[in-house]
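Q: Take a look at the following structure, please.
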Amino acid sequence: MAALTALLAGGPQSSPAQGSGAPRRVGWLSYLGLPDVALELLREGMRDLGQVEGKSYVIVPRYADNDFSRLPRLVEELLAERLDLLVARGPSVDHAKAARTRLPVVFAYSGDPVDAGFADSLPRPGRNMTGITFMAMELSAKRVEVLKELVPKAASIALLSNPEHAGELREYRVTEDTATRLGASTSRFLVRSASELTSAFGAIRASRPDAMIVFPDAFTYARRRDIAEFAAAARIPSMYGWTEFAEAGGLASYGPGLNENFRTLAVFVDKILKGSDAGKLPIEQPRKIGLAFNPAAAQALGLAVPPAILLRADRIVR
């Protein structure tokens, strides 16, 4: 009767494999397709924690291949797989949250999980969800500061961002306030699609900014090479949010490396499989933050790089 009452109430359900001796079933939901570096890093993390794939757990993956309209159906498919928990990455999490009344959800998310409705707070998320967020407002301020070191005379800064990214408005306000404090004005260019990005490129070029900051999210990440090529062609020194942007040809980034943090997801998965309550596991922010610098991009721009930047760089992209 207690189990029936819980079912009818729609609350989080205990996993069907618990106590059966069978491998625990871990769902993986990705808006991308194969190959999936993030899943391989999760597997590495699980091995480091003593979990053996095929013996102590199995992965049940679903991929949307960049077709976001498929994600609701993929969530339904995963819920039919009698999972113990579900792991989702990026924009997939917006759809995975529909599963949280049925099973725990672990996420890697670039936006603010509180603004997105995934959590009550970072220390005590509740809502049967937990994981990693790559957003931190202090990083937004630091990106402006480092950009001004790179381009001291920058008086106008273009801001390229996706307004549908949870937390983007607060990120913009912190960026604008910091730029104002450092004597620069900002212009905001919003992009949600490839066509809007093309239009934004034209508008940014016409406004002739001294520099540009690109807010990191799944959309700008997917278009990072196009954005870096535009910045080089328009001769606009640009700052990005994740190491992978600098690796794609961008001038510099200040923040985490996106892929290297996916291994940390295994810690959450391991704890939940061992009985921890997802809603009581604090959401983490990346522990390793660094400055990545691309000398080739600087040379193409004819930019004289302050020696202090090179000394502080955690990663020099070759």
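Chains: A, B, ... in order of the structure tokens. Residues: from 1 per chain. Ligands: from 1, in order shown.
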Taking the DSSP assignment computed from this structure's backbone, write out as a PDB file with N, CA and C atoms, in the first residue's frame all residues of region 43-281 of chain A that belong to strand (DSSP E or B).
A:
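Below you can see selection-v3.pdb, which holds the result:
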```
ATOM      1  N   GLU A  53      31.796  -1.322 -15.822  1.00  0.00           N
ATOM      2  CA  GLU A  53      30.691  -1.324 -16.782  1.00  0.00           C
ATOM      3  C   GLU A  53      30.384  -2.746 -17.237  1.00  0.00           C
ATOM      4  N   TYR A  57      27.300  -1.672 -13.425  1.00  0.00           N
ATOM      5  CA  TYR A  57      26.371  -0.742 -14.066  1.00  0.00           C
ATOM      6  C   TYR A  57      26.422  -0.919 -15.580  1.00  0.00           C
ATOM      7  N   VAL A  58      25.378  -0.460 -16.251  1.00  0.00           N
ATOM      8  CA  VAL A  58      25.349  -0.401 -17.714  1.00  0.00           C
ATOM      9  C   VAL A  58      24.850   0.975 -18.132  1.00  0.00           C
ATOM     10  N   ILE A  59      25.296   1.435 -19.284  1.00  0.00           N
ATOM     11  CA  ILE A  59      24.856   2.706 -19.841  1.00  0.00           C
ATOM     12  C   ILE A  59      23.760   2.448 -20.874  1.00  0.00           C
ATOM     13  N   VAL A  60      22.678   3.204 -20.772  1.00  0.00           N
ATOM     14  CA  VAL A  60      21.592   3.148 -21.756  1.00  0.00           C
ATOM     15  C   VAL A  60      21.539   4.520 -22.427  1.00  0.00           C
ATOM     16  N   PRO A  61      22.167   4.670 -23.607  1.00  0.00           N
ATOM     17  CA  PRO A  61      22.296   6.002 -24.200  1.00  0.00           C
ATOM     18  C   PRO A  61      21.200   6.335 -25.213  1.00  0.00           C
ATOM     19  N   ARG A  62      20.925   7.633 -25.338  1.00  0.00           N
ATOM     20  CA  ARG A  62      20.065   8.152 -26.382  1.00  0.00           C
ATOM     21  C   ARG A  62      20.670   9.475 -26.871  1.00  0.00           C
ATOM     22  N   TYR A  63      20.676   9.647 -28.197  1.00  0.00           N
ATOM     23  CA  TYR A  63      21.275  10.828 -28.801  1.00  0.00           C
ATOM     24  C   TYR A  63      20.271  11.518 -29.713  1.00  0.00           C
ATOM     25  N   LEU A  85      18.968   5.802 -12.682  1.00  0.00           N
ATOM     26  CA  LEU A  85      19.110   7.254 -12.717  1.00  0.00           C
ATOM     27  C   LEU A  85      19.364   7.670 -14.152  1.00  0.00           C
ATOM     28  N   LEU A  86      19.221   8.973 -14.392  1.00  0.00           N
ATOM     29  CA  LEU A  86      19.416   9.532 -15.725  1.00  0.00           C
ATOM     30  C   LEU A  86      20.474  10.627 -15.653  1.00  0.00           C
ATOM     31  N   VAL A  87      21.416  10.607 -16.608  1.00  0.00           N
ATOM     32  CA  VAL A  87      22.431  11.650 -16.729  1.00  0.00           C
ATOM     33  C   VAL A  87      22.168  12.404 -18.027  1.00  0.00           C
ATOM     34  N   ALA A  88      22.175  13.733 -17.948  1.00  0.00           N
ATOM     35  CA  ALA A  88      21.911  14.554 -19.131  1.00  0.00           C
ATOM     36  C   ALA A  88      22.935  15.675 -19.212  1.00  0.00           C
ATOM     37  N   ARG A  89      23.193  16.130 -20.444  1.00  0.00           N
ATOM     38  CA  ARG A  89      24.175  17.185 -20.643  1.00  0.00           C
ATOM     39  C   ARG A  89      23.585  18.326 -21.461  1.00  0.00           C
ATOM     40  N   VAL A 105      18.090  12.623 -11.396  1.00  0.00           N
ATOM     41  CA  VAL A 105      18.705  13.163 -12.609  1.00  0.00           C
ATOM     42  C   VAL A 105      20.013  13.858 -12.235  1.00  0.00           C
ATOM     43  N   VAL A 106      21.091  13.499 -12.928  1.00  0.00           N
ATOM     44  CA  VAL A 106      22.405  14.134 -12.763  1.00  0.00           C
ATOM     45  C   VAL A 106      22.688  14.914 -14.041  1.00  0.00           C
ATOM     46  N   PHE A 107      23.190  16.133 -13.914  1.00  0.00           N
ATOM     47  CA  PHE A 107      23.371  16.958 -15.106  1.00  0.00           C
ATOM     48  C   PHE A 107      24.721  17.654 -15.148  1.00  0.00           C
ATOM     49  N   ALA A 108      25.122  17.993 -16.371  1.00  0.00           N
ATOM     50  CA  ALA A 108      26.202  18.942 -16.632  1.00  0.00           C
ATOM     51  C   ALA A 108      25.571  20.040 -17.465  1.00  0.00           C
ATOM     52  N   TYR A 109      25.517  21.253 -16.909  1.00  0.00           N
ATOM     53  CA  TYR A 109      24.700  22.322 -17.494  1.00  0.00           C
ATOM     54  C   TYR A 109      25.499  23.611 -17.530  1.00  0.00           C
ATOM     55  N   MET A 129      17.389  16.405  -8.399  1.00  0.00           N
ATOM     56  CA  MET A 129      18.373  16.690  -9.440  1.00  0.00           C
ATOM     57  C   MET A 129      19.635  17.270  -8.809  1.00  0.00           C
ATOM     58  N   THR A 130      20.776  16.961  -9.417  1.00  0.00           N
ATOM     59  CA  THR A 130      22.046  17.548  -8.986  1.00  0.00           C
ATOM     60  C   THR A 130      23.062  17.385 -10.102  1.00  0.00           C
ATOM     61  N   GLY A 131      24.233  17.983  -9.930  1.00  0.00           N
ATOM     62  CA  GLY A 131      25.263  17.836 -10.950  1.00  0.00           C
ATOM     63  C   GLY A 131      26.230  19.000 -10.960  1.00  0.00           C
ATOM     64  N   ILE A 132      26.583  19.454 -12.169  1.00  0.00           N
ATOM     65  CA  ILE A 132      27.596  20.490 -12.367  1.00  0.00           C
ATOM     66  C   ILE A 132      27.002  21.638 -13.166  1.00  0.00           C
ATOM     67  N   THR A 133      27.275  22.871 -12.733  1.00  0.00           N
ATOM     68  CA  THR A 133      26.971  24.037 -13.546  1.00  0.00           C
ATOM     69  C   THR A 133      28.275  24.738 -13.905  1.00  0.00           C
ATOM     70  N   SER A 156      34.873  50.226 -26.397  1.00  0.00           N
ATOM     71  CA  SER A 156      33.561  49.667 -26.751  1.00  0.00           C
ATOM     72  C   SER A 156      33.702  48.156 -26.918  1.00  0.00           C
ATOM     73  N   ILE A 157      32.817  47.428 -26.254  1.00  0.00           N
ATOM     74  CA  ILE A 157      32.896  45.975 -26.263  1.00  0.00           C
ATOM     75  C   ILE A 157      31.558  45.398 -26.722  1.00  0.00           C
ATOM     76  N   ALA A 158      31.600  44.563 -27.747  1.00  0.00           N
ATOM     77  CA  ALA A 158      30.404  43.857 -28.203  1.00  0.00           C
ATOM     78  C   ALA A 158      30.218  42.603 -27.347  1.00  0.00           C
ATOM     79  N   LEU A 159      28.984  42.327 -26.985  1.00  0.00           N
ATOM     80  CA  LEU A 159      28.659  41.138 -26.192  1.00  0.00           C
ATOM     81  C   LEU A 159      27.763  40.240 -27.032  1.00  0.00           C
ATOM     82  N   LEU A 160      28.229  39.034 -27.308  1.00  0.00           N
ATOM     83  CA  LEU A 160      27.469  38.083 -28.114  1.00  0.00           C
ATOM     84  C   LEU A 160      26.948  36.983 -27.205  1.00  0.00           C
ATOM     85  N   SER A 161      25.605  36.820 -27.156  1.00  0.00           N
ATOM     86  CA  SER A 161      25.053  35.859 -26.210  1.00  0.00           C
ATOM     87  C   SER A 161      23.708  35.325 -26.671  1.00  0.00           C
ATOM     88  N   SER A 185      32.135  50.922 -22.760  1.00  0.00           N
ATOM     89  CA  SER A 185      30.706  50.737 -23.003  1.00  0.00           C
ATOM     90  C   SER A 185      30.479  49.373 -23.651  1.00  0.00           C
ATOM     91  N   THR A 186      29.251  48.872 -23.572  1.00  0.00           N
ATOM     92  CA  THR A 186      28.942  47.561 -24.150  1.00  0.00           C
ATOM     93  C   THR A 186      27.727  47.670 -25.072  1.00  0.00           C
ATOM     94  N   SER A 187      27.691  46.782 -26.063  1.00  0.00           N
ATOM     95  CA  SER A 187      26.541  46.624 -26.945  1.00  0.00           C
ATOM     96  C   SER A 187      26.208  45.141 -26.985  1.00  0.00           C
ATOM     97  N   ARG A 188      24.943  44.817 -26.779  1.00  0.00           N
ATOM     98  CA  ARG A 188      24.510  43.427 -26.642  1.00  0.00           C
ATOM     99  C   ARG A 188      23.914  42.921 -27.957  1.00  0.00           C
ATOM    100  N   PHE A 189      24.413  41.785 -28.436  1.00  0.00           N
ATOM    101  CA  PHE A 189      23.940  41.171 -29.665  1.00  0.00           C
ATOM    102  C   PHE A 189      23.438  39.762 -29.331  1.00  0.00           C
ATOM    103  N   LEU A 190      22.147  39.537 -29.557  1.00  0.00           N
ATOM    104  CA  LEU A 190      21.501  38.293 -29.123  1.00  0.00           C
ATOM    105  C   LEU A 190      21.339  37.324 -30.286  1.00  0.00           C
ATOM    106  N   ALA A 211      36.541  45.457 -29.089  1.00  0.00           N
ATOM    107  CA  ALA A 211      36.749  44.089 -28.603  1.00  0.00           C
ATOM    108  C   ALA A 211      35.385  43.403 -28.498  1.00  0.00           C
ATOM    109  N   MET A 212      35.409  42.109 -28.209  1.00  0.00           N
ATOM    110  CA  MET A 212      34.154  41.354 -28.102  1.00  0.00           C
ATOM    111  C   MET A 212      34.289  40.290 -27.019  1.00  0.00           C
ATOM    112  N   ILE A 213      33.182  40.052 -26.315  1.00  0.00           N
ATOM    113  CA  ILE A 213      33.094  38.944 -25.364  1.00  0.00           C
ATOM    114  C   ILE A 213      31.966  38.025 -25.827  1.00  0.00           C
ATOM    115  N   VAL A 214      32.265  36.735 -25.916  1.00  0.00           N
ATOM    116  CA  VAL A 214      31.279  35.738 -26.334  1.00  0.00           C
ATOM    117  C   VAL A 214      30.884  34.922 -25.111  1.00  0.00           C
ATOM    118  N   SER A 238      38.887  39.064 -29.128  1.00  0.00           N
ATOM    119  CA  SER A 238      37.709  38.505 -28.452  1.00  0.00           C
ATOM    120  C   SER A 238      38.080  37.584 -27.300  1.00  0.00           C
ATOM    121  N   MET A 239      37.228  37.644 -26.282  1.00  0.00           N
ATOM    122  CA  MET A 239      37.369  36.814 -25.089  1.00  0.00           C
ATOM    123  C   MET A 239      36.209  35.836 -25.030  1.00  0.00           C
ATOM    124  N   TYR A 240      36.529  34.594 -24.650  1.00  0.00           N
ATOM    125  CA  TYR A 240      35.527  33.528 -24.616  1.00  0.00           C
ATOM    126  C   TYR A 240      35.482  32.907 -23.223  1.00  0.00           C
ATOM    127  N   ALA A 252      41.395  34.243 -26.731  1.00  0.00           N
ATOM    128  CA  ALA A 252      41.633  33.871 -25.333  1.00  0.00           C
ATOM    129  C   ALA A 252      40.329  33.444 -24.681  1.00  0.00           C
ATOM    130  N   SER A 253      40.458  32.648 -23.643  1.00  0.00           N
ATOM    131  CA  SER A 253      39.289  32.263 -22.849  1.00  0.00           C
ATOM    132  C   SER A 253      39.661  32.319 -21.382  1.00  0.00           C
ATOM    133  N   TYR A 254      38.671  32.630 -20.562  1.00  0.00           N
ATOM    134  CA  TYR A 254      38.871  32.561 -19.118  1.00  0.00           C
ATOM    135  C   TYR A 254      37.712  31.775 -18.532  1.00  0.00           C
ATOM    136  N   GLY A 255      38.048  30.634 -17.955  1.00  0.00           N
ATOM    137  CA  GLY A 255      37.021  29.756 -17.403  1.00  0.00           C
ATOM    138  C   GLY A 255      37.489  28.321 -17.422  1.00  0.00           C
TER     139      GLY A 255
END
```
Q: Write out as number ranges by chain the residues lying within 7 Å of Arg263 (chain A), counting only C-alpha atoms and excluding same-chain residues fewer than 3 positions away.
A: A: 41-42, 44-45, 260, 266
Q: Please, could you write that set of residues out with N, CA and C atoms as a PDB file, in the first residue's frame?
A:
```pdb
ATOM      1  N   LEU A  41      34.296  10.223 -20.915  1.00  0.00           N
ATOM      2  CA  LEU A  41      34.891  10.758 -19.687  1.00  0.00           C
ATOM      3  C   LEU A  41      34.108  10.304 -18.462  1.00  0.00           C
ATOM      4  N   LEU A  42      32.790  10.214 -18.585  1.00  0.00           N
ATOM      5  CA  LEU A  42      31.989   9.662 -17.491  1.00  0.00           C
ATOM      6  C   LEU A  42      32.419   8.223 -17.206  1.00  0.00           C
ATOM      7  N   GLU A  44      35.319   6.899 -17.769  1.00  0.00           N
ATOM      8  CA  GLU A  44      36.634   6.937 -17.114  1.00  0.00           C
ATOM      9  C   GLU A  44      36.479   7.219 -15.624  1.00  0.00           C
ATOM     10  N   GLY A  45      35.633   8.189 -15.307  1.00  0.00           N
ATOM     11  CA  GLY A  45      35.404   8.529 -13.907  1.00  0.00           C
ATOM     12  C   GLY A  45      34.815   7.371 -13.128  1.00  0.00           C
ATOM     13  N   GLU A 260      36.794  18.385 -19.738  1.00  0.00           N
ATOM     14  CA  GLU A 260      37.511  17.764 -18.624  1.00  0.00           C
ATOM     15  C   GLU A 260      36.646  17.638 -17.369  1.00  0.00           C
ATOM     16  N   ALA A 266      30.772  11.328 -12.686  1.00  0.00           N
ATOM     17  CA  ALA A 266      30.814   9.980 -12.129  1.00  0.00           C
ATOM     18  C   ALA A 266      30.701   9.994 -10.610  1.00  0.00           C
TER      19      ALA A 266
END
```
Q: As JSON, numbers by chain, please: the residues near Ser92 (chain A) (cut-off 7 Å, only C-alpha atoms, same-chain neighbours under 2 positions excluded).
A: {"A": [29, 30, 31, 71, 88, 89, 90, 94, 95, 96]}
Q: Identify, on the basis of only C-alpha atoms, every residue whose closest approach to Leu301 (chain A) does not exceed 10 Å; exclude the query and any residue fewer than 5 positions from it along the same chain; express the result as a ChimeraX atom specification.
A: /A:231-237,251,295-296
Q: What's the 7 Å shell around Met135 (chain A), counting only C-alpha atoms, without same-chain residues fewer than 5 positions away, as a list of chain:residue names?
A: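 Final neighbour list, sorted by chain and number: A:Ser110, A:Gly111, A:Asp112.
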Q: If you count only C-alpha atoms, which residues fall within 10 Å of Glu145 (chain A), apart from same-chain ones fewer than 4 positions away, as a list in words?
A: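 Result of the neighbour search: Leu139, Ser140, Ala141, Glu149, Leu150, Val151, Pro152, Thr175, Thr178, Ala179, Arg181 and Leu182 of chain A.
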Q: Could you check which of A:Val93, A:Ala64, A:Ala300, A:Met137 is closest to Gly250 (chain A), using only C-alpha atoms?
A: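 Residue with the minimum atom-to-atom distance to Gly250 (chain A): A:Ala300.
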Q: For CA of Gly183 (chain A) and CA of Ala166 (chain A), determine how far apart the two atoms are, in Å to one decimal place.
A: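 For CA of Gly183 (chain A) relative to CA of Ala166 (chain A), the distance reads 27.7 Å.
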Q: Check region 33-264 of chain A with DSSP on the backbone and list each residue it calls helix (DSSP H, G or I), as a VMD selection string.
A: chain A and resid 37 to 48 68 to 79 92 to 99 137 to 150 168 to 181 194 to 207 218 to 222 224 to 233 243 to 247 259 to 264
Q: Find the residue from A:Pro306, A:Val267, A:Glu76, A:Thr101 that sits nearest to Arg47 (chain A); use only C-alpha atoms when measuring.
A: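 Residue with the minimum atom-to-atom distance to Arg47 (chain A): A:Val267.
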Q: So which one's closest to Glu138 (chain A), A:Glu196, A:Glu284, A:Glu171, A:Asp210? Using only C-alpha atoms, please.
A: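 Of the candidates, the smallest distance to Glu138 (chain A) is held by A:Glu171.
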